[in-house]
file entry.txt (compact mmCIF, C-alpha atoms and all ligand atoms)
# COMPACT_ATOMS: atom_id res chain seq x y z
CA MET R 1 9.68 -25.69 -15.72
CA THR R 2 8.68 -22.63 -13.63
CA ARG R 3 7.54 -23.21 -10.07
CA ILE R 4 5.32 -20.64 -8.35
CA THR R 5 5.31 -21.18 -4.58
CA PHE R 6 2.71 -19.49 -2.40
CA TYR R 7 4.18 -19.04 1.06
CA LYS R 8 1.85 -16.55 2.77
CA GLY R 9 -0.93 -14.03 2.41
CA LEU R 10 -3.46 -16.23 0.61
CA LYS R 11 -6.56 -16.00 2.78
CA GLU R 12 -5.64 -12.86 4.67
CA ILE R 13 -5.17 -9.21 3.75
CA GLY R 14 -1.44 -8.75 4.20
CA GLY R 15 1.86 -10.55 4.03
CA THR R 16 1.58 -11.77 0.43
CA PHE R 17 4.76 -13.73 -0.29
CA VAL R 18 5.12 -15.62 -3.56
CA ALA R 19 8.25 -16.97 -5.29
CA VAL R 20 8.45 -17.53 -9.05
CA GLU R 21 11.39 -19.87 -9.63
CA THR R 22 12.97 -20.85 -12.94
CA GLU R 23 16.15 -22.71 -13.77
CA LYS R 24 18.28 -19.59 -13.32
CA ALA R 25 16.40 -17.12 -11.09
CA VAL R 26 13.89 -16.59 -8.29
CA CYS R 27 11.58 -13.56 -8.40
CA MET R 28 9.77 -12.93 -5.11
CA PHE R 29 6.95 -10.52 -4.17
CA ASP R 30 5.87 -8.74 -1.89
CA PHE R 31 7.49 -8.45 1.55
CA GLY R 32 5.11 -6.90 4.05
CA PHE R 33 3.87 -8.00 7.41
CA SER R 34 0.97 -10.33 7.89
CA VAL R 35 -1.78 -8.63 9.82
CA SER R 36 -1.51 -10.63 12.97
CA GLY R 37 -3.73 -10.70 16.01
CA ARG R 38 -0.73 -12.11 17.87
CA CYS R 39 1.48 -9.04 17.54
CA ASP R 40 1.12 -6.17 19.99
CA ASP R 41 2.93 -2.81 19.94
CA ALA R 42 2.79 -2.95 23.73
CA VAL R 43 5.38 -5.77 23.69
CA ARG R 44 9.02 -4.70 23.43
CA LEU R 45 10.85 -5.83 20.28
CA ARG R 46 14.12 -7.69 20.85
CA PRO R 47 16.82 -6.03 18.68
CA ASP R 48 19.12 -9.08 18.78
CA SER R 49 16.55 -11.44 17.35
CA LEU R 50 14.19 -9.22 15.37
CA VAL R 51 14.10 -11.33 12.22
CA GLU R 52 13.83 -14.59 14.13
CA ASP R 53 11.02 -13.22 16.29
CA TYR R 54 9.03 -11.88 13.33
CA VAL R 55 9.32 -15.24 11.57
CA ARG R 56 8.49 -17.23 14.71
CA ILE R 57 5.31 -15.25 15.44
CA GLY R 58 4.24 -15.64 11.81
CA MET R 59 4.61 -12.03 10.66
CA LEU R 60 7.26 -12.92 8.06
CA PRO R 61 7.73 -16.11 6.00
CA ALA R 62 10.10 -18.95 6.88
CA ALA R 63 11.83 -19.07 3.48
CA ASP R 64 15.29 -20.10 2.32
CA GLY R 65 17.70 -17.71 0.67
CA ILE R 66 16.40 -14.33 1.85
CA TYR R 67 17.69 -13.69 5.39
CA ALA R 68 21.23 -13.01 6.66
CA GLU R 69 23.40 -15.84 7.96
CA LYS R 70 22.77 -15.50 11.70
CA PRO R 71 18.95 -15.31 11.71
CA ALA R 72 18.77 -17.96 8.98
CA ALA R 73 20.94 -20.31 11.05
CA HIS R 74 18.76 -19.77 14.14
CA LEU R 75 15.66 -20.50 12.08
CA GLY R 76 17.13 -23.55 10.34
CA LEU R 77 16.90 -21.83 6.94
CA LYS R 78 19.44 -21.39 4.13
CA PRO R 79 20.85 -17.83 4.18
CA TYR R 80 20.97 -15.43 1.24
CA GLY R 81 23.88 -15.85 -1.14
CA GLN R 82 24.39 -19.61 -1.14
CA SER R 83 22.40 -20.47 -4.23
CA GLU R 84 23.53 -20.29 -7.84
CA LYS R 85 20.23 -18.74 -8.84
CA GLU R 86 19.72 -14.99 -9.03
CA ARG R 87 17.33 -14.08 -6.24
CA PHE R 88 15.49 -10.78 -6.19
CA PHE R 89 12.35 -9.06 -4.97
CA PHE R 90 9.72 -6.99 -6.70
CA ILE R 91 7.74 -4.75 -4.33
CA SER R 92 4.40 -3.55 -5.68
CA HIS R 93 3.78 -0.57 -3.38
CA MET R 94 4.61 1.19 -0.15
CA HIS R 95 1.87 -0.14 2.11
CA ILE R 96 3.17 -1.80 5.25
CA ASP R 97 1.49 -5.13 4.43
CA HIS R 98 3.51 -5.17 1.18
CA MET R 99 6.86 -3.68 2.22
CA GLY R 100 7.06 -3.62 6.04
CA GLY R 101 9.63 -6.46 6.16
CA LEU R 102 12.20 -4.94 3.77
CA GLY R 103 14.59 -4.07 6.59
CA MET R 104 14.65 -7.74 7.65
CA LEU R 105 16.10 -9.02 4.37
CA ASP R 106 19.79 -9.74 3.92
CA ASP R 107 21.60 -6.51 2.95
CA GLY R 108 22.71 -8.00 -0.37
CA MET R 109 19.24 -8.86 -1.67
CA PRO R 110 18.36 -6.80 -4.77
CA VAL R 111 14.90 -5.22 -4.40
CA TYR R 112 13.13 -3.73 -7.43
CA MET R 113 10.18 -1.36 -7.36
CA SER R 114 8.80 1.52 -9.41
CA GLU R 115 10.93 4.65 -9.50
CA ASP R 116 8.19 6.58 -7.65
CA SER R 117 7.95 3.88 -4.99
CA LEU R 118 11.69 4.13 -4.43
CA ARG R 119 11.49 7.92 -4.14
CA LEU R 120 8.79 7.53 -1.51
CA TYR R 121 10.66 4.69 0.24
CA ARG R 122 13.78 6.86 0.57
CA ARG R 123 11.72 9.59 2.22
CA LEU R 124 9.97 7.09 4.54
CA CYS R 125 13.43 5.94 5.64
CA ALA R 126 14.71 9.50 6.07
CA MET R 127 11.65 10.41 8.16
CA GLY R 128 11.84 7.29 10.32
CA ASP R 129 8.43 6.23 9.02
CA ILE R 130 9.41 2.53 8.61
CA GLN R 131 9.90 -0.51 10.79
CA GLN R 132 13.49 -0.75 12.01
CA ARG R 133 16.06 0.01 9.31
CA GLY R 134 15.83 0.80 5.61
CA HIS R 135 17.00 -1.62 2.91
CA GLU R 136 19.80 -0.05 0.86
CA ARG R 137 20.02 -2.27 -2.22
CA CYS R 138 16.90 -1.03 -4.01
CA VAL R 139 16.49 -0.28 -7.70
CA GLY R 140 13.80 2.04 -9.08
CA ILE R 141 12.33 1.17 -12.47
CA PRO R 142 10.36 3.77 -14.49
CA TYR R 143 6.76 2.73 -15.22
CA GLY R 144 6.50 0.60 -18.32
CA GLN R 145 10.16 -0.43 -18.35
CA SER R 146 11.57 -3.90 -17.77
CA PHE R 147 14.57 -5.47 -16.10
CA THR R 148 16.02 -8.95 -16.47
CA ARG R 149 17.78 -11.19 -14.00
CA GLY R 150 18.81 -14.65 -15.11
CA ASP R 151 16.02 -15.95 -17.32
CA ILE R 152 13.26 -13.81 -15.75
CA THR R 153 12.15 -10.44 -17.16
CA VAL R 154 9.86 -8.17 -15.14
CA GLN R 155 7.95 -5.26 -16.62
CA VAL R 156 6.91 -2.74 -13.97
CA LEU R 157 3.48 -1.31 -14.78
CA ARG R 158 1.71 1.56 -13.08
CA ILE R 159 -1.61 0.75 -11.44
CA ASP R 160 -4.05 2.96 -9.53
CA HIS R 161 -4.01 2.50 -5.74
CA ASP R 162 -4.16 4.83 -2.75
CA VAL R 163 -0.41 5.21 -2.39
CA THR R 164 2.06 7.02 -4.61
CA GLY R 165 4.19 4.74 -6.81
CA ALA R 166 1.84 1.73 -6.91
CA SER R 167 2.57 -0.79 -9.62
CA GLY R 168 1.97 -4.35 -10.71
CA ALA R 169 4.26 -6.63 -12.69
CA LEU R 170 4.21 -8.66 -15.88
CA ILE R 171 6.75 -11.42 -15.31
CA THR R 172 8.08 -13.39 -18.27
CA THR R 173 9.75 -16.75 -17.73
CA PRO R 174 10.86 -19.35 -20.31
CA ASP R 175 7.66 -21.28 -19.49
CA GLY R 176 5.08 -18.51 -19.70
CA THR R 177 3.90 -15.16 -18.36
CA VAL R 178 2.75 -14.35 -14.82
CA VAL R 179 0.85 -11.17 -13.91
CA TYR R 180 0.92 -9.88 -10.36
CA THR R 181 -1.57 -7.05 -9.83
CA GLY R 182 -0.49 -5.85 -6.39
CA ASP R 183 -3.40 -3.78 -4.99
CA TYR R 184 -5.53 -1.74 -7.35
CA ARG R 185 -8.64 0.31 -7.92
CA PHE R 186 -10.35 2.29 -10.65
CA HIS R 187 -11.64 5.18 -8.51
CA GLY R 188 -8.39 7.08 -7.96
CA PHE R 189 -6.59 9.77 -9.93
CA TYR R 190 -5.28 7.25 -12.48
CA PRO R 191 -8.10 4.91 -13.53
CA GLY R 192 -6.51 4.92 -17.00
CA ALA R 193 -3.42 3.25 -15.51
CA SER R 194 -5.48 0.35 -14.16
CA LYS R 195 -7.21 0.01 -17.51
CA ALA R 196 -3.90 0.09 -19.39
CA PHE R 197 -2.47 -2.49 -16.99
CA GLY R 198 -5.22 -4.92 -17.96
CA GLU R 199 -4.69 -4.28 -21.65
CA THR R 200 -0.90 -4.71 -21.48
CA CYS R 201 -1.29 -8.01 -19.60
CA ARG R 202 -4.07 -9.38 -21.82
CA GLY R 203 -3.64 -13.06 -22.60
CA ALA R 204 -1.19 -13.77 -19.77
CA ASP R 205 -0.80 -17.41 -18.77
CA VAL R 206 -1.19 -16.77 -15.04
CA MET R 207 -2.88 -13.89 -13.21
CA ILE R 208 -2.28 -13.47 -9.49
CA THR R 209 -4.80 -10.90 -8.26
CA GLU R 210 -5.81 -9.29 -4.98
CA GLY R 211 -9.41 -9.77 -3.83
CA VAL R 212 -9.82 -7.45 -0.86
CA SER R 213 -13.30 -6.16 -1.72
CA VAL R 214 -14.93 -9.62 -1.76
CA SER R 215 -13.61 -10.38 1.73
CA PHE R 216 -16.60 -9.43 3.80
CA ASP R 217 -19.97 -10.00 2.08
CA ASP R 218 -21.36 -12.77 -0.10
CA VAL R 219 -20.58 -11.79 -3.69
CA ASP R 220 -21.50 -13.64 -6.89
CA MET R 221 -18.95 -12.11 -9.22
CA LEU R 222 -20.23 -13.96 -12.28
CA SER R 223 -23.54 -12.06 -12.04
CA LEU R 224 -21.98 -8.58 -11.97
CA THR R 225 -22.75 -6.67 -15.15
CA GLU R 226 -22.37 -3.05 -14.11
CA PRO R 227 -20.47 -1.00 -11.52
CA GLU R 228 -21.83 -0.94 -7.98
CA GLU R 229 -23.76 2.21 -7.10
CA GLY R 230 -22.27 4.99 -5.01
CA ILE R 231 -18.58 4.45 -5.76
CA ARG R 232 -16.89 7.69 -4.70
CA THR R 233 -13.72 8.82 -6.47
CA GLU R 234 -10.67 10.89 -5.57
CA GLU R 235 -12.08 13.68 -7.75
CA MET R 236 -15.37 13.58 -5.80
CA LEU R 237 -13.47 13.76 -2.52
CA GLN R 238 -11.85 16.99 -3.74
CA GLN R 239 -15.28 18.43 -4.51
CA GLU R 240 -16.60 17.35 -1.11
CA MET R 241 -13.71 19.13 0.56
CA ALA R 242 -14.32 22.31 -1.46
CA GLN R 243 -17.92 22.18 -0.30
CA ALA R 244 -16.84 21.60 3.30
CA CYS R 245 -14.81 24.81 3.10
CA GLN R 246 -17.89 26.71 1.95
CA GLU R 247 -20.19 25.23 4.60
CA ASN R 248 -17.96 25.72 7.63
CA ASP R 249 -16.62 28.93 9.16
CA GLY R 250 -14.09 27.42 11.53
CA LEU R 251 -10.99 25.27 11.25
CA LEU R 252 -11.27 21.98 9.35
CA VAL R 253 -9.13 19.08 10.52
CA ILE R 254 -8.29 16.22 8.15
CA ASN R 255 -6.71 12.85 8.90
CA PRO R 256 -5.52 11.43 5.56
CA TYR R 257 -3.03 8.65 4.85
CA ASN R 258 0.28 10.44 4.36
CA ARG R 259 1.63 8.10 1.63
CA ASN R 260 -1.22 9.05 -0.72
CA VAL R 261 0.83 12.08 -1.72
CA ASP R 262 -1.20 12.85 -4.84
CA ARG R 263 -4.33 13.42 -2.76
CA ILE R 264 -2.57 15.87 -0.45
CA HIS R 265 -1.04 17.72 -3.39
CA ARG R 266 -4.48 18.08 -4.94
CA LEU R 267 -6.02 19.15 -1.62
CA ILE R 268 -3.48 21.97 -1.30
CA GLY R 269 -4.83 23.40 -4.56
CA THR R 270 -8.47 22.70 -3.71
CA PHE R 271 -8.16 24.49 -0.36
CA GLU R 272 -6.19 27.36 -1.90
CA ALA R 273 -9.05 27.96 -4.35
CA GLU R 274 -11.40 28.21 -1.35
CA GLY R 275 -9.16 30.74 0.41
CA ARG R 276 -7.69 28.26 2.88
CA THR R 277 -4.15 27.03 3.57
CA LEU R 278 -3.39 23.39 4.30
CA VAL R 279 -1.08 23.15 7.31
CA MET R 280 0.80 19.85 7.67
CA ASP R 281 3.11 18.00 9.98
CA PRO R 282 6.74 17.92 8.75
CA VAL R 283 6.59 14.27 7.64
CA GLN R 284 3.57 14.82 5.42
CA ALA R 285 5.13 18.08 4.21
CA ASP R 286 8.34 16.25 3.29
CA TYR R 287 6.50 13.71 1.13
CA VAL R 288 4.61 16.44 -0.73
CA ALA R 289 7.78 18.50 -1.23
CA GLU R 290 9.58 15.46 -2.68
CA PHE R 291 7.02 14.93 -5.44
CA TYR R 292 5.60 18.43 -5.82
CA PRO R 293 8.40 20.93 -5.06
CA ASP R 294 6.36 23.78 -6.56
CA ASP R 295 3.57 23.46 -3.98
CA ASP R 296 3.29 26.01 -1.17
CA ILE R 297 4.30 23.98 1.85
CA CYS R 298 3.07 25.04 5.30
CA VAL R 299 3.81 23.20 8.52
CA TYR R 300 2.19 23.56 11.93
CA GLU R 301 4.63 24.48 14.71
CA LYS R 302 2.78 22.34 17.26
CA THR R 303 3.20 19.12 15.28
CA MET R 304 6.85 19.64 14.35
CA ASN R 305 7.90 17.47 17.29
CA GLY R 306 11.42 18.91 17.37
CA ARG R 307 12.07 18.35 13.65
CA SER R 308 13.68 21.07 11.60
CA VAL R 309 12.23 21.89 8.19
CA PRO R 310 13.73 23.48 5.05
CA GLU R 311 13.75 27.25 5.11
CA TRP R 312 11.30 27.54 2.24
CA PHE R 313 8.55 25.80 4.27
CA LYS R 314 6.26 28.33 5.95
CA VAL R 315 5.67 27.69 9.65
CA VAL R 316 2.15 28.43 10.93
CA THR R 317 1.67 29.02 14.67
CA LEU R 318 -1.14 28.19 17.05
CA GLU R 319 -1.88 31.93 17.27
CA ASP R 320 -2.11 32.19 13.47
CA ILE R 321 -4.76 29.48 13.41
CA ARG R 322 -6.66 30.74 16.46
CA GLU R 323 -6.86 34.25 14.99
CA ASN R 324 -8.17 33.04 11.63
CA PRO R 325 -9.45 29.46 11.92
CA GLY R 326 -11.54 29.79 8.77
CA LYS R 327 -8.41 30.42 6.74
CA TYR R 328 -6.83 27.06 7.50
CA VAL R 329 -7.20 23.29 7.18
CA LEU R 330 -5.05 21.25 9.54
CA GLN R 331 -3.67 17.85 8.52
CA LEU R 332 -3.42 15.92 11.77
CA ASP R 333 -1.81 12.52 12.13
CA TYR R 334 -3.40 10.43 14.86
CA GLN R 335 -0.08 10.40 16.76
CA ASP R 336 -0.51 14.18 17.18
CA GLN R 337 -4.18 13.96 18.14
CA TYR R 338 -3.71 16.02 21.33
CA ALA R 339 -2.90 19.07 19.20
CA ILE R 340 -6.65 19.33 18.82
CA LEU R 341 -6.94 20.18 22.54
CA ASP R 342 -5.58 23.70 21.83
CA LEU R 343 -8.05 24.20 19.01
CA LYS R 344 -11.28 22.47 20.01
CA ASP R 345 -13.29 25.70 20.32
CA VAL R 346 -12.33 26.84 16.81
CA VAL R 347 -12.69 23.47 14.99
CA SER R 348 -15.78 23.07 12.82
CA ARG R 349 -15.32 19.44 11.83
CA TYR R 350 -12.90 16.49 11.78
CA TYR R 351 -12.66 14.55 8.50
CA HIS R 352 -11.27 11.03 8.71
CA MET R 353 -9.94 10.20 5.25
CA ASP R 354 -7.99 6.90 5.23
CA GLY R 355 -5.53 7.87 7.98
CA ALA R 356 -4.81 5.68 11.01
CA PRO R 357 -6.63 4.25 12.89
CA LEU R 358 -8.24 2.83 9.78
CA GLY R 359 -11.52 1.46 11.06
CA SER R 360 -13.67 0.15 13.87
CA TYR R 361 -11.72 -3.13 13.93
CA GLU R 362 -8.88 -1.18 15.55
CA GLU R 363 -9.04 -0.40 19.25
CA SER R 364 -7.59 3.09 18.69
CA TYR R 365 -10.50 3.94 16.40
CA HIS R 366 -12.93 3.87 19.32
CA LYS R 367 -10.57 5.96 21.43
CA MET R 368 -10.23 8.52 18.64
CA THR R 369 -13.97 8.94 18.17
CA ALA R 370 -14.56 8.93 21.95
CA LEU R 371 -12.13 11.80 22.43
CA LEU R 372 -13.65 13.84 19.62
CA GLU R 373 -17.09 13.30 21.08
CA TYR R 374 -15.87 14.34 24.53
CA LEU R 375 -14.41 17.52 23.04
CA GLY R 376 -17.59 18.22 21.07
CA VAL R 377 -15.80 18.05 17.70
CA PRO R 378 -18.08 16.65 14.95
CA TYR R 379 -16.54 13.60 13.25
CA GLN R 380 -17.13 12.67 9.64
CA TYR R 381 -15.78 9.66 7.75
CA CYS R 382 -14.89 10.52 4.17
CA GLY R 383 -12.26 7.93 3.19
CA LEU R 384 -12.23 6.11 -0.15
CA GLY R 385 -10.12 2.99 0.31
CA GLY R 386 -7.69 1.65 -2.23
CA HIS R 387 -9.37 -1.46 -3.59
CA SER R 388 -11.57 -2.11 -6.60
CA ARG R 389 -15.18 -2.89 -5.94
CA PRO R 390 -16.06 -6.46 -7.10
CA TYR R 391 -17.35 -5.33 -10.50
CA TYR R 392 -13.99 -3.76 -11.26
CA LEU R 393 -12.09 -6.79 -9.98
CA LYS R 394 -14.06 -8.81 -12.51
CA LEU R 395 -13.40 -6.21 -15.20
CA MET R 396 -9.65 -6.57 -14.65
CA VAL R 397 -9.82 -10.39 -14.80
CA ASP R 398 -12.06 -10.27 -17.88
CA THR R 399 -9.70 -7.85 -19.61
CA ILE R 400 -6.64 -10.01 -18.96
CA LYS R 401 -8.46 -13.30 -19.64
CA PRO R 402 -5.68 -15.42 -18.12
CA LYS R 403 -5.37 -19.14 -18.72
CA THR R 404 -5.04 -19.58 -14.96
CA LEU R 405 -6.43 -17.24 -12.31
CA ILE R 406 -4.98 -17.32 -8.79
CA PRO R 407 -6.74 -14.96 -6.35
CA LEU R 408 -5.23 -14.10 -2.95
CA HIS R 409 -4.89 -11.15 -0.50
CA SER R 410 -8.54 -11.68 0.54
CA PHE R 411 -10.41 -13.35 3.37
CA ARG R 412 -12.50 -15.10 0.72
CA PRO R 413 -10.35 -15.55 -2.42
CA GLU R 414 -12.76 -18.24 -3.63
CA GLN R 415 -15.25 -15.45 -4.36
CA VAL R 416 -12.99 -13.96 -7.07
CA ASN R 417 -14.23 -15.49 -10.30
CA SER R 418 -14.87 -14.91 -13.98
CA ASP R 419 -16.23 -16.92 -16.90
CA GLN R 420 -13.48 -15.55 -19.15
CA ILE R 421 -10.67 -17.63 -17.65
CA GLY R 422 -9.29 -21.04 -18.49
CA GLN R 423 -9.08 -22.35 -14.93
CA ARG R 424 -8.78 -21.13 -11.38
CA ILE R 425 -6.41 -22.46 -8.74
CA LEU R 426 -6.80 -21.71 -5.01
CA PRO R 427 -3.51 -22.82 -3.47
CA GLU R 428 -3.02 -23.45 0.23
CA GLU R 429 -0.09 -21.90 2.14
CA GLY R 430 3.15 -23.59 1.12
CA GLN R 431 1.78 -25.13 -2.09
CA THR R 432 3.45 -24.82 -5.49
CA VAL R 433 1.88 -24.30 -8.89
CA VAL R 434 3.92 -25.63 -11.81
CA LEU R 435 3.94 -23.61 -15.06
CA GLU R 436 4.98 -25.43 -18.24
CA TYR R 437 4.29 -24.39 -21.85
CA GLY R 438 1.88 -21.75 -20.49
CA GLU R 439 -0.22 -24.33 -18.63
CA CYS R 440 -0.50 -24.61 -14.84
CA ARG R 441 -1.09 -27.46 -12.44
CA LEU R 442 -0.97 -27.70 -8.68
CA GLU R 443 2.05 -29.71 -7.59
CA VAL R 444 1.10 -32.62 -5.39
ZN ZN E 501 -2.63 -4.81 0.37
ZN ZN E 502 -2.16 -1.56 -0.63
call {"tool": "encode", "arguments": {"input": "entry.txt", "output": "structure tokens", "more": "lines below"}}
Ligand SMILES: [Zn+2]
Ligand SMILES: [Zn+2]
result
Amino acid sequence: MTRITFYKGLKEIGGTFVAVETEKAVCMFDFGFSVSGRCDDAVRLRPDSLVEDYVRIGMLPAADGIYAEKPAAHLGLKPYGQSEKERFFFISHMHIDHMGGLGMLDDGMPVYMSEDSLRLYRRLCAMGDIQQRGHERCVGIPYGQSFTRGDITVQVLRIDHDVTGASGALITTPDGTVVYTGDYRFHGFYPGASKAFGETCRGADVMITEGVSVSFDDVDMLSLTEPEEGIRTEEMLQQEMAQACQENDGLLVINPYNRNVDRIHRLIGTFEAEGRTLVMDPVQADYVAEFYPDDDICVYEKTMNGRSVPEWFKVVTLEDIRENPGKYVLQLDYQDQYAILDLKDVVSRYYHMDGAPLGSYEESYHKMTALLEYLGVPYQYCGLGGHSRPYYLKLMVDTIKPKTLIPLHSFRPEQVNSDQIGQRILPEEGQTVVLEYGECRLEV
């Protein structure tokens, strides 16, 4: 018998934590932070009780067998390493709500992810772009390949999402197959990967899917027969940026999400073709250089923040930009927002493209737009997001046609539906679904 326990992240966007347990092994995914209204960056973290505090405020799950001895004892949980079963994690992608807690796990816990995710994770750690410490015991698996621990085999499959390295998993247990999609979309650079994911997983016994895009409005998924209108793609964003170069004489400022490395790589080429150079901060530059070492990498001296950069990076000065603003595009992380104060009279436009602060539900968003308005810098939103529109969610479910569908990672998972499935289960936090001979039932 395989038991699938749903600890967290069912009716929220973040903190998905599920354990698939067989006789010999426990496969867990993912390990990010819940998005919590109770947590405030203004409150000092307590280094001596980090894990305990994160669990107590509900940012991380209270689960046996994953934390080190001391925090586990304080929390009344069993520590890692005391069970006969092989315990391990699969991490779908490098978004904080899916991987932010990695540094809180016991050092010995094996953590699997795609090879590209691991490459990115190593750079995030090196650049200090993670919460607390990095987790050492990670294993990168090339897309399409499998690994086995105990009686569980996991195939790591590429999927399209707005972060480099994104993948989902096809998990095979002695009692049946379980698909975990992670987060996905069809409007990125790799829509074929999302399509192939569905085809590889066709006929799975259980499908655990995200449902972010049905979180906000009323959606009748069963009635969707064609794609929603006006879905913009990564390719279209490139064209929009080329056009922006042609329509503006001054400096363009962009605020992208730095872990979507493919977009930045493509933008370097798009801007180059329009006679402009993309100038980055050293963290963004590092991520691009890791995956695309042949790109021309330029960093802006004013956002280096005391970091040194490899000699082959070109450093662009404030004077360079002020002399020739129309020859540059500046990538500006929100943390470096005040760099715009030196440039406000030569900036044509500010493009907000999926960088922090993400949206109007964040307090910083209003401060960002207020400052730009005060400085007279025109603001334009041109982000894409990383989640399938509802039609494409349905397309994925219909392609896989699982015997049991379990939607989560959504404010309204009950809106994820299809007439191609055997049954749908909507577990509550802490509930277990039992899988036997390919059939599922909610354990009572
Ligand atoms: Zn997510
Ligand atoms: Zn994500």
call {"tool": "closest_atom_pairs", "arguments": {"input": "entry.txt", "of": "chain R", "to": "ligand ZN 501 (chain E)", "cutoff": "6 Å", "atoms": "only C-alpha atoms and all ligand atoms", "output": "JSON lines"}}
result
{"residue": "R:Gly14", "atom": "CA", "partner": "E:ZN501", "partner_atom": "ZN", "distance": 5.6}
{"residue": "R:Asp97", "atom": "CA", "partner": "E:ZN501", "partner_atom": "ZN", "distance": 5.8}
{"residue": "R:Asp183", "atom": "CA", "partner": "E:ZN501", "partner_atom": "ZN", "distance": 5.5}
call {"tool": "residues_near_ligand", "arguments": {"input": "entry.txt", "ligand": "ligand ZN 502 (chain E)", "cutoff": "8 Å", "atoms": "all atoms listed in the file", "output": "list in words"}}
result
His93, Met94, His95, Ile96, Asp97, His98, His161, Asp162, Val163, Gly182, Asp183, Tyr184, Gly386 and His387 of chain R
call {"tool": "residues_around", "arguments": {"input": "entry.txt", "residues": "region 49-58 of chain R", "least_positions_apart": "3", "cutoff": "10 Å", "atoms": "only C-alpha atoms", "output": "number ranges by chain"}}
result
R: 8, 15, 33-36, 38-39, 45-46, 61-63, 67-68, 70-75, 101, 103-105, 132
call {"tool": "write_last_selection", "arguments": {"input": "entry.txt", "atoms": "C-alpha atoms", "output": "mmCIF file, in the coordinates of the input"}}
result
data_model
loop_
_atom_site.group_PDB
_atom_site.id
_atom_site.type_symbol
_atom_site.label_atom_id
_atom_site.label_comp_id
_atom_site.auth_asym_id
_atom_site.auth_seq_id
_atom_site.Cartn_x
_atom_site.Cartn_y
_atom_site.Cartn_z
ATOM 1 C CA LYS R 8 1.850 -16.550 2.770
ATOM 2 C CA GLY R 15 1.860 -10.550 4.030
ATOM 3 C CA PHE R 33 3.870 -8.000 7.410
ATOM 4 C CA SER R 34 0.970 -10.330 7.890
ATOM 5 C CA VAL R 35 -1.780 -8.630 9.820
ATOM 6 C CA SER R 36 -1.510 -10.630 12.970
ATOM 7 C CA ARG R 38 -0.730 -12.110 17.870
ATOM 8 C CA CYS R 39 1.480 -9.040 17.540
ATOM 9 C CA LEU R 45 10.850 -5.830 20.280
ATOM 10 C CA ARG R 46 14.120 -7.690 20.850
ATOM 11 C CA PRO R 61 7.730 -16.110 6.000
ATOM 12 C CA ALA R 62 10.100 -18.950 6.880
ATOM 13 C CA ALA R 63 11.830 -19.070 3.480
ATOM 14 C CA TYR R 67 17.690 -13.690 5.390
ATOM 15 C CA ALA R 68 21.230 -13.010 6.660
ATOM 16 C CA LYS R 70 22.770 -15.500 11.700
ATOM 17 C CA PRO R 71 18.950 -15.310 11.710
ATOM 18 C CA ALA R 72 18.770 -17.960 8.980
ATOM 19 C CA ALA R 73 20.940 -20.310 11.050
ATOM 20 C CA HIS R 74 18.760 -19.770 14.140
ATOM 21 C CA LEU R 75 15.660 -20.500 12.080
ATOM 22 C CA GLY R 101 9.630 -6.460 6.160
ATOM 23 C CA GLY R 103 14.590 -4.070 6.590
ATOM 24 C CA MET R 104 14.650 -7.740 7.650
ATOM 25 C CA LEU R 105 16.100 -9.020 4.370
ATOM 26 C CA GLN R 132 13.490 -0.750 12.010
#
call {"tool": "residues_around", "arguments": {"input": "entry.txt", "residues": "region 255-260 of chain R", "least_positions_apart": "3", "cutoff": "7 Å", "atoms": "only C-alpha atoms", "output": "PyMOL selection string"}}
result
chain R and resi 162-164+263-264+284+331-333+351-355
call {"tool": "residues_around", "arguments": {"input": "entry.txt", "residues": "His409 (chain R)", "least_positions_apart": "6", "cutoff": "6 Å", "atoms": "all atoms listed in the file", "output": "list in words"}}
result
Gly9, Leu10, Glu12, Ile13, Glu210 and Gly211 of chain R
call {"tool": "residues_around", "arguments": {"input": "entry.txt", "residues": "Asp345 (chain R)", "least_positions_apart": "4", "cutoff": "12 Å", "atoms": "all atoms listed in the file", "output": "compact mmCIF listing (two decimals) with C-alpha atoms, keeping the file's coordinate frame"}}
result
# COMPACT_ATOMS: atom_id res chain seq x y z
CA GLY R 250 -14.09 27.42 11.53
CA LEU R 251 -10.99 25.27 11.25
CA LEU R 252 -11.27 21.98 9.35
CA ILE R 321 -4.76 29.48 13.41
CA ARG R 322 -6.66 30.74 16.46
CA GLU R 323 -6.86 34.25 14.99
CA PRO R 325 -9.45 29.46 11.92
CA ILE R 340 -6.65 19.33 18.82
CA LEU R 341 -6.94 20.18 22.54
CA ARG R 349 -15.32 19.44 11.83
CA LEU R 372 -13.65 13.84 19.62
CA LEU R 375 -14.41 17.52 23.04
CA GLY R 376 -17.59 18.22 21.07
CA VAL R 377 -15.80 18.05 17.70
CA PRO R 378 -18.08 16.65 14.95
call {"tool": "closest_residue", "arguments": {"input": "entry.txt", "among": "R:Phe29, R:Tyr292, R:Tyr437, R:Tyr121", "to": "Arg87 (chain R)", "atoms": "only C-alpha atoms"}}
result
R:Phe29
call {"tool": "atom_distance", "arguments": {"input": "entry.txt", "atom1": "CA of Leu224 (chain R)", "atom2": "CA of Tyr391 (chain R)"}}
result
5.8 Å
